file work_33.txt (compact mmCIF, C-alpha atoms)
# COMPACT_ATOMS: atom_id res chain seq x y z
CA MET A 1 -2.33 -42.94 -48.74
CA GLU A 2 -2.57 -39.76 -50.80
CA GLU A 3 -2.85 -40.71 -54.45
CA GLY A 4 0.25 -39.97 -56.46
CA ILE A 5 2.48 -39.34 -53.44
CA ASN A 6 5.39 -41.64 -52.72
CA PRO A 7 6.39 -41.48 -49.02
CA PHE A 8 9.89 -42.68 -49.94
CA GLU A 9 10.71 -39.69 -52.14
CA SER A 10 13.47 -37.32 -50.99
CA LYS A 11 12.54 -35.19 -48.01
CA ILE A 12 11.05 -31.72 -48.40
CA TRP A 13 12.74 -29.53 -45.81
CA LEU A 14 11.36 -26.69 -43.74
CA SER A 15 14.18 -24.34 -44.76
CA SER A 16 17.60 -25.68 -45.71
CA PRO A 17 20.70 -23.86 -47.01
CA THR A 18 20.68 -22.87 -50.68
CA MET A 19 24.23 -22.69 -51.99
CA HIS A 20 25.44 -21.24 -55.29
CA GLY A 21 29.16 -22.05 -55.63
CA THR A 22 30.43 -18.52 -55.17
CA GLU A 23 30.76 -19.23 -51.47
CA LEU A 24 33.40 -21.89 -52.11
CA ARG A 25 35.60 -19.41 -53.96
CA TYR A 26 35.88 -17.19 -50.88
CA VAL A 27 36.36 -20.15 -48.54
CA LEU A 28 39.19 -21.39 -50.75
CA LYS A 29 40.72 -17.94 -50.76
CA ALA A 30 40.82 -18.00 -46.95
CA TYR A 31 42.45 -21.42 -47.11
CA GLU A 32 44.97 -20.56 -49.81
CA THR A 33 46.04 -17.32 -48.14
CA ASN A 34 46.10 -19.00 -44.71
CA TRP A 35 43.66 -16.47 -43.19
CA MET A 36 41.72 -19.14 -41.29
CA SER A 37 41.15 -17.37 -37.97
CA THR A 38 39.04 -14.38 -36.90
CA VAL A 39 40.64 -11.74 -39.14
CA GLY A 40 40.71 -11.47 -42.91
CA GLU A 41 39.25 -10.01 -46.07
CA ASN A 42 36.08 -12.12 -45.95
CA ILE A 43 35.11 -10.75 -42.54
CA ASN A 44 35.76 -7.18 -43.63
CA GLU A 45 33.74 -7.61 -46.82
CA ALA A 46 30.84 -9.41 -45.13
CA GLU A 47 30.56 -6.58 -42.60
CA ARG A 48 30.72 -3.94 -45.33
CA MET A 49 28.15 -5.65 -47.53
CA ILE A 50 25.63 -6.20 -44.72
CA CYS A 51 25.98 -2.58 -43.60
CA GLU A 52 25.33 -1.53 -47.17
CA LYS A 53 22.20 -3.71 -47.31
CA THR A 54 20.76 -2.57 -44.00
CA GLY A 55 21.87 1.04 -43.99
CA CYS A 56 23.78 0.67 -40.72
CA ARG A 57 27.13 2.35 -40.24
CA TYR A 58 28.90 -0.45 -38.37
CA GLY A 59 28.68 -4.23 -38.36
CA VAL A 60 30.61 -6.68 -36.21
CA ALA A 61 30.65 -10.27 -37.50
CA LEU A 62 30.23 -12.80 -34.69
CA SER A 63 30.01 -16.55 -34.23
CA CYS A 64 26.19 -16.62 -34.10
CA GLY A 65 23.13 -14.45 -33.76
CA THR A 66 22.89 -15.33 -30.07
CA ALA A 67 26.37 -13.91 -29.50
CA ALA A 68 25.25 -10.70 -31.22
CA LEU A 69 22.22 -10.50 -28.94
CA HIS A 70 24.41 -11.08 -25.90
CA MET A 71 26.71 -8.25 -26.92
CA ALA A 72 23.67 -6.01 -27.51
CA VAL A 73 22.32 -6.75 -24.03
CA LYS A 74 25.75 -6.00 -22.54
CA LEU A 75 25.97 -2.73 -24.50
CA ALA A 76 22.52 -1.75 -23.24
CA GLY A 77 23.84 -1.95 -19.69
CA VAL A 78 21.65 -4.74 -18.32
CA ARG A 79 22.73 -5.59 -14.77
CA PRO A 80 21.81 -8.45 -12.43
CA GLY A 81 18.24 -8.02 -11.25
CA ASP A 82 17.21 -5.62 -14.03
CA ARG A 83 13.88 -6.38 -15.67
CA VAL A 84 13.96 -6.38 -19.47
CA PHE A 85 10.89 -6.44 -21.73
CA CYS A 86 11.11 -9.18 -24.37
CA SER A 87 9.05 -10.52 -27.26
CA ASP A 88 7.00 -13.47 -26.05
CA MET A 89 6.45 -15.19 -29.40
CA THR A 90 10.02 -16.01 -30.41
CA PHE A 91 12.83 -18.53 -30.15
CA ASP A 92 14.50 -18.56 -26.75
CA ALA A 93 17.77 -17.25 -28.25
CA THR A 94 16.08 -13.82 -28.22
CA VAL A 95 15.65 -14.03 -24.47
CA ASN A 96 18.52 -16.11 -23.06
CA PRO A 97 21.19 -13.37 -23.44
CA VAL A 98 19.22 -11.22 -21.00
CA VAL A 99 19.68 -13.98 -18.42
CA TYR A 100 23.39 -14.32 -19.30
CA GLU A 101 23.81 -10.80 -17.89
CA GLY A 102 21.62 -11.53 -14.85
CA GLY A 103 18.57 -9.73 -16.19
CA ILE A 104 14.98 -10.84 -15.63
CA PRO A 105 12.89 -11.17 -18.81
CA VAL A 106 9.32 -9.86 -18.67
CA PHE A 107 7.33 -11.09 -21.67
CA ILE A 108 5.09 -8.86 -23.76
CA ASP A 109 2.14 -10.46 -25.51
CA THR A 110 1.75 -10.74 -29.28
CA GLU A 111 -0.74 -9.01 -31.57
CA TYR A 112 -2.69 -10.70 -34.34
CA ASP A 113 -1.85 -8.16 -37.08
CA THR A 114 1.78 -9.23 -37.54
CA TRP A 115 2.33 -11.91 -34.84
CA ASN A 116 4.90 -9.59 -33.27
CA MET A 117 5.07 -7.71 -29.97
CA ASP A 118 1.86 -5.79 -29.28
CA PRO A 119 2.68 -2.07 -28.86
CA ALA A 120 -0.38 -1.64 -26.61
CA ALA A 121 0.87 -4.43 -24.34
CA LEU A 122 4.32 -2.80 -24.32
CA GLU A 123 2.76 0.47 -23.16
CA LYS A 124 0.87 -1.44 -20.46
CA ALA A 125 4.14 -3.05 -19.35
CA PHE A 126 5.75 0.34 -18.77
CA GLU A 127 2.80 1.27 -16.55
CA LEU A 128 3.47 -1.83 -14.47
CA TYR A 129 7.29 -1.66 -14.54
CA PRO A 130 8.26 2.00 -15.14
CA GLU A 131 11.89 1.33 -14.17
CA VAL A 132 12.60 -0.84 -17.24
CA LYS A 133 15.18 0.65 -19.63
CA VAL A 134 15.76 -2.12 -22.21
CA VAL A 135 13.34 -3.75 -24.67
CA VAL A 136 14.29 -6.73 -26.88
CA ILE A 137 12.00 -7.12 -29.89
CA ALA A 138 12.00 -9.82 -32.60
CA HIS A 139 10.53 -9.74 -36.11
CA LEU A 140 8.80 -13.13 -36.27
CA TYR A 141 9.30 -15.43 -39.28
CA GLY A 142 10.68 -12.59 -41.39
CA THR A 143 7.69 -10.24 -40.89
CA PRO A 144 8.40 -6.73 -39.59
CA GLY A 145 6.41 -5.59 -36.60
CA LYS A 146 4.98 -2.13 -35.89
CA VAL A 147 8.36 -0.45 -35.67
CA ASP A 148 7.17 3.16 -35.42
CA GLN A 149 4.91 2.34 -32.48
CA TRP A 150 7.62 0.34 -30.71
CA LYS A 151 10.13 3.16 -31.12
CA GLU A 152 7.69 5.81 -29.95
CA VAL A 153 6.92 3.88 -26.76
CA CYS A 154 10.61 3.15 -26.11
CA GLN A 155 11.67 6.75 -26.71
CA ARG A 156 8.94 8.12 -24.46
CA HIS A 157 10.08 5.85 -21.64
CA LYS A 158 13.79 6.43 -22.40
CA ALA A 159 14.39 2.73 -23.09
CA VAL A 160 17.00 1.19 -25.39
CA MET A 161 15.46 -0.89 -28.17
CA ILE A 162 17.39 -4.03 -29.17
CA GLU A 163 16.17 -5.37 -32.52
CA ASP A 164 16.35 -9.11 -33.10
CA ALA A 165 16.28 -9.31 -36.90
CA ALA A 166 17.70 -12.85 -36.97
CA GLU A 167 14.77 -14.12 -39.05
CA SER A 168 14.07 -10.97 -41.08
CA LEU A 169 17.20 -10.01 -43.02
CA GLY A 170 16.04 -8.35 -46.23
CA ALA A 171 12.57 -7.51 -44.92
CA SER A 172 11.64 -3.84 -44.84
CA TYR A 173 9.39 -1.44 -42.96
CA LYS A 174 8.41 1.80 -44.70
CA GLY A 175 11.20 1.22 -47.20
CA ARG A 176 13.94 0.65 -44.65
CA GLN A 177 15.54 -2.72 -44.01
CA THR A 178 15.09 -4.45 -40.68
CA GLY A 179 18.33 -4.61 -38.76
CA GLY A 180 18.55 -0.82 -38.89
CA PHE A 181 15.92 0.20 -36.36
CA GLY A 182 17.35 -0.73 -32.98
CA THR A 183 19.97 1.14 -31.01
CA TYR A 184 21.62 -2.25 -31.43
CA SER A 185 20.36 -4.80 -33.95
CA CYS A 186 21.25 -8.43 -34.53
CA ILE A 187 21.03 -10.79 -37.50
CA SER A 188 21.74 -14.50 -37.94
CA PHE A 189 23.41 -16.62 -40.61
CA ASN A 190 22.32 -19.94 -39.13
CA GLY A 191 21.90 -22.82 -41.57
CA ASN A 192 18.14 -22.36 -41.99
CA LYS A 193 18.11 -18.58 -42.45
CA ILE A 194 17.38 -16.64 -45.65
CA ILE A 195 21.14 -16.54 -46.31
CA THR A 196 23.62 -18.61 -44.36
CA GLY A 197 27.21 -19.04 -43.35
CA SER A 198 26.34 -22.43 -41.82
CA SER A 199 26.60 -20.43 -38.61
CA GLY A 200 27.43 -16.86 -37.70
CA GLY A 201 25.68 -13.61 -36.89
CA MET A 202 26.29 -9.89 -36.81
CA LEU A 203 25.72 -6.96 -34.49
CA LEU A 204 24.66 -3.77 -36.27
CA THR A 205 24.74 -0.23 -34.93
CA ASP A 206 25.29 3.39 -35.90
CA ASP A 207 27.37 3.91 -32.76
CA GLU A 208 31.10 3.69 -33.52
CA GLU A 209 32.10 3.32 -29.87
CA ALA A 210 29.59 0.46 -29.39
CA ALA A 211 31.05 -1.36 -32.41
CA ARG A 212 34.55 -0.86 -31.03
CA LYS A 213 33.54 -2.33 -27.68
CA VAL A 214 32.00 -5.41 -29.30
CA ARG A 215 35.08 -6.01 -31.43
CA LYS A 216 37.11 -5.96 -28.22
CA TRP A 217 34.74 -8.02 -26.06
CA SER A 218 34.27 -10.64 -28.76
CA THR A 219 38.03 -11.32 -28.94
CA GLN A 220 38.50 -11.97 -25.21
CA ALA A 221 38.68 -8.24 -24.36
CA ARG A 222 42.40 -8.08 -25.01
CA GLU A 223 43.90 -4.68 -24.25
CA ASP A 224 46.19 -2.78 -26.60
CA ALA A 225 49.45 -3.99 -25.04
CA PRO A 226 52.46 -5.99 -26.27
CA TRP A 227 51.31 -8.94 -24.13
CA TYR A 228 47.96 -10.50 -23.34
CA GLN A 229 46.45 -8.01 -20.91
CA HIS A 230 42.81 -8.18 -19.78
CA GLU A 231 40.95 -5.59 -17.73
CA GLU A 232 37.36 -6.71 -18.34
CA LEU A 233 35.46 -9.90 -19.15
CA GLY A 234 35.81 -11.08 -22.73
CA TYR A 235 34.27 -13.69 -25.00
CA ASN A 236 35.35 -15.90 -27.90
CA TYR A 237 32.58 -14.65 -30.19
CA ARG A 238 34.26 -13.40 -33.37
CA MET A 239 33.30 -14.93 -36.71
CA SER A 240 35.99 -16.90 -38.51
CA ASN A 241 37.27 -15.77 -41.91
CA VAL A 242 36.15 -19.15 -43.31
CA ILE A 243 32.53 -18.78 -42.22
CA ALA A 244 32.65 -15.18 -43.41
CA GLY A 245 33.60 -16.49 -46.85
CA VAL A 246 30.33 -18.41 -47.03
CA VAL A 247 28.38 -15.36 -45.85
CA ARG A 248 30.19 -13.13 -48.36
CA GLY A 249 29.26 -15.49 -51.17
CA GLN A 250 25.62 -15.68 -50.04
CA ILE A 251 24.86 -11.96 -49.67
CA PRO A 252 24.44 -11.22 -53.42
CA TYR A 253 21.66 -13.85 -53.54
CA LEU A 254 19.53 -12.36 -50.77
CA GLU A 255 16.95 -10.78 -53.09
CA GLU A 256 16.77 -13.95 -55.19
CA HIS A 257 16.07 -16.04 -52.11
CA ILE A 258 13.39 -13.60 -50.94
CA ALA A 259 11.66 -13.75 -54.35
CA GLN A 260 11.66 -17.56 -54.18
CA LYS A 261 10.26 -17.54 -50.64
CA LYS A 262 7.56 -15.06 -51.68
CA GLY A 263 6.53 -17.35 -54.52
CA ILE A 264 6.14 -20.20 -52.03
CA TYR A 265 4.00 -18.03 -49.74
CA GLU A 266 1.73 -16.92 -52.58
CA ARG A 267 1.25 -20.48 -53.90
CA TYR A 268 0.23 -21.63 -50.45
CA ARG A 269 -2.17 -18.73 -50.06
CA LYS A 270 -3.86 -19.52 -53.36
CA GLY A 271 -3.75 -23.27 -52.77
CA PHE A 272 -5.58 -23.06 -49.45
CA GLU A 273 -8.49 -20.97 -50.71
CA GLY A 274 -11.75 -22.33 -49.37
CA LEU A 275 -10.21 -23.87 -46.26
CA PRO A 276 -10.81 -22.41 -42.77
CA VAL A 277 -7.20 -21.17 -42.60
CA LYS A 278 -5.13 -18.07 -43.27
CA MET A 279 -1.45 -17.40 -43.85
CA ASN A 280 0.85 -15.51 -41.47
CA PRO A 281 -0.14 -11.84 -41.85
CA PHE A 282 1.80 -8.65 -42.46
CA ASP A 283 1.07 -4.95 -42.81
CA GLU A 284 0.79 -4.62 -46.58
CA ARG A 285 0.77 -0.81 -46.44
CA ASN A 286 4.01 -0.40 -44.52
CA SER A 287 6.08 -3.56 -44.69
CA GLU A 288 7.48 -6.19 -47.00
CA PRO A 289 8.49 -9.47 -45.33
CA ASN A 290 11.33 -11.66 -46.47
CA TYR A 291 8.83 -14.58 -46.36
CA TRP A 292 11.38 -16.74 -44.53
CA LEU A 293 8.77 -19.22 -43.33
CA SER A 294 5.24 -19.64 -44.66
CA CYS A 295 2.91 -20.32 -41.73
CA LEU A 296 -0.68 -21.44 -41.45
CA LEU A 297 -3.25 -20.42 -38.84
CA ILE A 298 -6.41 -22.52 -38.55
CA GLU A 299 -9.59 -20.57 -37.84
CA PRO A 300 -11.27 -21.51 -34.53
CA GLU A 301 -14.22 -23.08 -36.34
CA GLY A 302 -11.80 -25.23 -38.35
CA MET A 303 -10.00 -26.69 -35.32
CA CYS A 304 -10.59 -30.27 -34.27
CA ARG A 305 -10.01 -31.11 -30.62
CA GLN A 306 -6.30 -30.99 -29.73
CA ILE A 307 -4.51 -31.15 -26.40
CA ARG A 308 -0.82 -30.41 -25.94
CA GLY A 309 1.21 -31.42 -22.90
CA GLU A 310 4.79 -30.46 -22.23
CA LYS A 311 6.26 -32.83 -24.83
CA GLU A 312 3.35 -34.68 -26.44
CA ALA A 313 0.07 -33.86 -28.14
CA ILE A 314 -3.12 -35.73 -28.98
CA TYR A 315 -6.09 -34.87 -31.15
CA ILE A 316 -9.43 -36.28 -32.26
CA SER A 317 -9.99 -36.22 -36.00
CA GLU A 318 -13.19 -34.49 -37.07
CA ARG A 319 -14.89 -34.08 -40.42
CA ASN A 320 -14.02 -30.81 -42.22
CA LYS A 321 -11.66 -29.86 -39.37
CA SER A 322 -8.01 -30.36 -38.52
CA CYS A 323 -5.29 -29.10 -36.14
CA PRO A 324 -1.53 -28.46 -36.24
CA THR A 325 -0.74 -31.86 -34.72
CA GLU A 326 -2.69 -33.75 -37.38
CA ILE A 327 -1.24 -31.73 -40.24
CA LEU A 328 2.36 -31.99 -39.00
CA GLU A 329 2.08 -35.74 -38.37
CA THR A 330 0.59 -36.25 -41.83
CA LEU A 331 3.31 -34.17 -43.50
CA ALA A 332 5.97 -36.16 -41.64
CA ARG A 333 4.56 -39.43 -43.00
CA TYR A 334 5.19 -38.07 -46.48
CA ARG A 335 8.73 -36.91 -45.64
CA ALA A 336 7.87 -33.23 -45.48
CA GLU A 337 9.22 -31.14 -42.60
CA GLY A 338 6.94 -28.69 -40.84
CA ARG A 339 6.95 -27.54 -37.23
CA PRO A 340 4.70 -25.90 -34.66
CA LEU A 341 4.86 -22.15 -34.22
CA TRP A 342 7.26 -20.99 -31.53
CA LYS A 343 5.89 -21.90 -28.13
CA PRO A 344 5.60 -18.54 -26.33
CA MET A 345 8.28 -17.83 -23.79
CA HIS A 346 5.83 -17.34 -20.91
CA MET A 347 4.65 -20.94 -21.49
CA GLN A 348 8.17 -22.40 -21.33
CA PRO A 349 9.00 -24.22 -18.07
CA ILE A 350 12.22 -22.25 -17.65
CA TYR A 351 10.39 -18.90 -17.79
CA ARG A 352 6.95 -19.80 -16.49
CA MET A 353 7.36 -17.75 -13.30
CA ASN A 354 8.45 -14.59 -15.15
CA GLY A 355 6.19 -11.62 -15.71
CA PHE A 356 3.84 -11.64 -18.70
CA VAL A 357 1.88 -8.59 -19.86
CA THR A 358 -1.10 -8.46 -22.22
CA ARG A 359 -2.93 -5.44 -23.56
CA GLU A 360 -5.96 -6.48 -21.50
CA GLY A 361 -4.08 -6.54 -18.21
CA ASP A 362 -5.87 -8.87 -15.81
CA LYS A 363 -8.16 -10.25 -18.55
CA ARG A 364 -5.19 -12.22 -19.94
CA LEU A 365 -6.08 -12.27 -23.62
CA ASP A 366 -2.87 -14.24 -24.36
CA VAL A 367 -2.63 -13.99 -28.14
CA GLY A 368 0.63 -15.94 -28.22
CA MET A 369 -0.91 -19.00 -26.61
CA ASP A 370 -3.78 -18.88 -29.12
CA LEU A 371 -1.42 -18.65 -32.10
CA PHE A 372 0.67 -21.53 -30.76
CA GLN A 373 -2.44 -23.67 -30.34
CA ARG A 374 -3.76 -23.03 -33.87
CA GLY A 375 -0.65 -22.39 -35.99
CA LEU A 376 2.14 -24.24 -37.76
CA CYS A 377 5.10 -23.59 -40.06
CA LEU A 378 4.85 -25.18 -43.51
CA PRO A 379 7.73 -26.54 -45.62
CA SER A 380 9.29 -23.35 -47.00
CA ASP A 381 12.53 -24.49 -48.61
CA ASN A 382 13.29 -22.33 -51.62
CA LYS A 383 14.63 -25.36 -53.50
CA MET A 384 11.22 -27.03 -53.21
CA LYS A 385 9.78 -27.68 -56.67
CA GLU A 386 6.33 -26.41 -57.52
CA GLU A 387 5.03 -29.96 -57.93
CA GLU A 388 6.39 -30.78 -54.46
CA GLN A 389 4.58 -27.80 -53.03
CA GLU A 390 1.40 -28.88 -54.77
CA ARG A 391 1.71 -32.20 -52.95
CA ILE A 392 1.98 -30.36 -49.64
CA ILE A 393 -1.14 -28.38 -50.47
CA ARG A 394 -3.03 -31.57 -51.34
CA ILE A 395 -1.95 -33.22 -48.11
CA VAL A 396 -3.14 -30.26 -46.04
CA ARG A 397 -6.44 -30.08 -47.89
CA ARG A 398 -7.01 -33.80 -47.27
CA CYS A 399 -6.58 -33.19 -43.53
CA PHE A 400 -9.73 -31.06 -43.67
CA ALA A 401 -11.71 -33.58 -45.75
call {"tool": "encode", "arguments": {"input": "work_33.txt", "output": "structure tokens"}}
result
Amino acid sequence: MEEGINPFESKIWLSSPTMHGTELRYVLKAYETNWMSTVGENINEAERMICEKTGCRYGVALSCGTAALHMAVKLAGVRPGDRVFCSDMTFDATVNPVVYEGGIPVFIDTEYDTWNMDPAALEKAFELYPEVKVVVIAHLYGTPGKVDQWKEVCQRHKAVMIEDAAESLGASYKGRQTGGFGTYSCISFNGNKIITGSSGGMLLTDDEEAARKVRKWSTQAREDAPWYQHEELGYNYRMSNVIAGVVRGQIPYLEEHIAQKKGIYERYRKGFEGLPVKMNPFDERNSEPNYWLSCLLIEPEGMCRQIRGEKEAIYISERNKSCPTEILETLARYRAEGRPLWKPMHMQPIYRMNGFVTREGDKRLDVGMDLFQRGLCLPSDNKMKEEEQERIIRIVRRCFA
């Protein structure tokens, strides 16, 4: 057992909600004024404040980030049988809304520089599938990707770019906040995000008509009539005024949360000096992450032997080497929550038969699979004390002893 570490101490979380008390004031206001449904001051203010943060003209508060992505896919005009290019290294909520509309995801490989969609692979994909008109791109773990290159490729091929900024609220690229680059962009207020409503999400756009459509679709597509009249398919996707109260109370703390997350990232980076590892990268010249999750990538020479099946993994411990499975199992024994990197979509059983494009074409470089094999997410809770983080660092270092 690691000296000085008590495995029965309170758990260190990956990324849990950080509340401040202001949120309760707005929730109580919704309760006291009886605005408990999907209209009210909290919703209006949350939309206004997020638009102000991101520089977007219109925001529509919805029940979750996935609902926002679904509405974006619908706005983009995806029809049954349409191929849609999607980030490969992401959570499946980025991709599933394409299938909701009958689309067929084609996955674009990742690049090592930012762990986001590789613009060269995206260009290759358009050579293979020139008919594609929609691209769904995620900023992984709060790190902006190569936005200018994505947009240039999309514009040249006349494709709509949907931006999944669920993990990257507050991050910026060339001085502009993520969530403002797509024709339609989406953010999340899930319980583990940089700010939270416990749930909730938002669609962002500069297109007034698109925002109007989403407001209608998300409230069961009710027509402007004195009775309930419906002429198109609708959804029960609108955010409640109660959840919006939590979001409204969280928004002023976004920069504070980012500063705390950055401190965690920098302490890990310094604490792991000398080990055969590196932290999740970003383009220091053009972008500033929100540091939502601090991640570790083990260098190939530092990897012990590890095999992963569909639901289980095994490894063989080796001197001066480790692997994600060993580190995560060791952290768990000391009540610290980590997790593997996202398993790439093209490796998921549900999507294994879908198209997958790398920059090398037939050579199948497969960066995403390599990152998944060698990477992990570290405890990144911004309420984690410095001494708790030092314990995490010691535990990881011991795995390489």
call {"tool": "closest_residue", "arguments": {"input": "work_33.txt", "among": "A:Gly77, A:Gly65, A:Gly197, A:Gly145", "to": "Thr18 (chain A)", "atoms": "all atoms listed in the file"}}
result
A:Gly197
call {"tool": "atom_distance", "arguments": {"input": "work_33.txt", "atom1": "CA of Met71 (chain A)", "atom2": "CA of Ser218 (chain A)"}}
result
8.1 Å
call {"tool": "closest_residue", "arguments": {"input": "work_33.txt", "among": "A:Val242, A:Ile12, A:Val84, A:Val135", "to": "Glu41 (chain A)", "atoms": "all atoms listed in the file"}}
result
A:Val242
call {"tool": "residues_around", "arguments": {"input": "work_33.txt", "residues": "Glu45 (chain A)", "least_positions_apart": "5", "cutoff": "10 Å", "atoms": "only C-alpha atoms", "output": "PyMOL selection string"}}
result
chain A and resi 40+50-51+244-245+247-248
call {"tool": "residues_around", "arguments": {"input": "work_33.txt", "residues": "Ile298 (chain A)", "least_positions_apart": "2", "cutoff": "10 Å", "atoms": "only C-alpha atoms", "output": "count of residues only"}}
result
20
call {"tool": "residues_around", "arguments": {"input": "work_33.txt", "residues": "region 339-346 of chain A", "least_positions_apart": "4", "cutoff": "6 Å", "atoms": "only C-alpha atoms", "output": "PDB file with C-alpha atoms, in the coordinates of the input"}}
result
ATOM      1  CA  ASP A  88       7.000 -13.470 -26.050  1.00  0.00           C
ATOM      2  CA  MET A  89       6.450 -15.190 -29.400  1.00  0.00           C
ATOM      3  CA  THR A  90      10.020 -16.010 -30.410  1.00  0.00           C
ATOM      4  CA  TYR A 351      10.390 -18.900 -17.790  1.00  0.00           C
ATOM      5  CA  ARG A 352       6.950 -19.800 -16.490  1.00  0.00           C
ATOM      6  CA  GLY A 368       0.630 -15.940 -28.220  1.00  0.00           C
ATOM      7  CA  PHE A 372       0.670 -21.530 -30.760  1.00  0.00           C
ATOM      8  CA  GLY A 375      -0.650 -22.390 -35.990  1.00  0.00           C
ATOM      9  CA  LEU A 376       2.140 -24.240 -37.760  1.00  0.00           C
ATOM     10  CA  CYS A 377       5.100 -23.590 -40.060  1.00  0.00           C
TER      11      CYS A 377
END
call {"tool": "residues_around", "arguments": {"input": "work_33.txt", "residues": "region 116-133 of chain A", "least_positions_apart": "6", "cutoff": "8 Å", "atoms": "only C-alpha atoms", "output": "list in words"}}
result
Asp82, Arg83, Val84, Phe85, Ser87, Asp88, Met89, Ile108, Asp109, Thr110, His139, Leu140, Pro144, Gly145, Lys146, Gln149, Trp150, Val153, His157, Lys158, Ala159, Val160, Val357, Thr358, Arg359, Glu360 and Gly361 of chain A
call {"tool": "closest_residue", "arguments": {"input": "work_33.txt", "among": "A:Glu299, A:Glu101, A:Glu208, A:Glu47", "to": "Ala76 (chain A)", "atoms": "all atoms listed in the file"}}
result
A:Glu101
call {"tool": "closest_residue", "arguments": {"input": "work_33.txt", "among": "A:His20, A:Arg319, A:Arg305, A:Arg267", "to": "Met384 (chain A)", "atoms": "only C-alpha atoms"}}
result
A:Arg267
call {"tool": "atom_distance", "arguments": {"input": "work_33.txt", "atom1": "CA of Phe91 (chain A)", "atom2": "CA of Ile187 (chain A)"}}
result
13.5 Å
call {"tool": "closest_residue", "arguments": {"input": "work_33.txt", "among": "A:Gly234, A:Pro97, A:Gly180, A:Pro17", "to": "Ala72 (chain A)", "atoms": "only C-alpha atoms"}}
result
A:Pro97
call {"tool": "residues_around", "arguments": {"input": "work_33.txt", "residues": "Phe272 (chain A)", "least_positions_apart": "6", "cutoff": "12 Å", "atoms": "all atoms listed in the file", "output": "short mmCIF file (atom, residue, chain, number, x, y, z; two decimals) with C-alpha atoms, in the coordinates of the input"}}
result
data_model
loop_
_atom_site.label_atom_id
_atom_site.label_comp_id
_atom_site.auth_asym_id
_atom_site.auth_seq_id
_atom_site.Cartn_x
_atom_site.Cartn_y
_atom_site.Cartn_z
CA TYR A 265 4.00 -18.03 -49.74
CA GLU A 266 1.73 -16.92 -52.58
CA LYS A 278 -5.13 -18.07 -43.27
CA MET A 279 -1.45 -17.40 -43.85
CA CYS A 295 2.91 -20.32 -41.73
CA LEU A 296 -0.68 -21.44 -41.45
CA LEU A 297 -3.25 -20.42 -38.84
CA ILE A 298 -6.41 -22.52 -38.55
CA GLN A 389 4.58 -27.80 -53.03
CA GLU A 390 1.40 -28.88 -54.77
CA ILE A 392 1.98 -30.36 -49.64
CA ILE A 393 -1.14 -28.38 -50.47
CA ARG A 394 -3.03 -31.57 -51.34
CA ILE A 395 -1.95 -33.22 -48.11
CA VAL A 396 -3.14 -30.26 -46.04
CA ARG A 397 -6.44 -30.08 -47.89
CA ARG A 398 -7.01 -33.80 -47.27
CA CYS A 399 -6.58 -33.19 -43.53
CA PHE A 400 -9.73 -31.06 -43.67
#
call {"tool": "atom_distance", "arguments": {"input": "work_33.txt", "atom1": "CA of Gly201 (chain A)", "atom2": "CA of Val27 (chain A)"}}
result
17.1 Å
call {"tool": "closest_residue", "arguments": {"input": "work_33.txt", "among": "A:Gln260, A:Asn192, A:Asn34, A:Asn280", "to": "Trp13 (chain A)", "atoms": "only C-alpha atoms"}}
result
A:Asn192
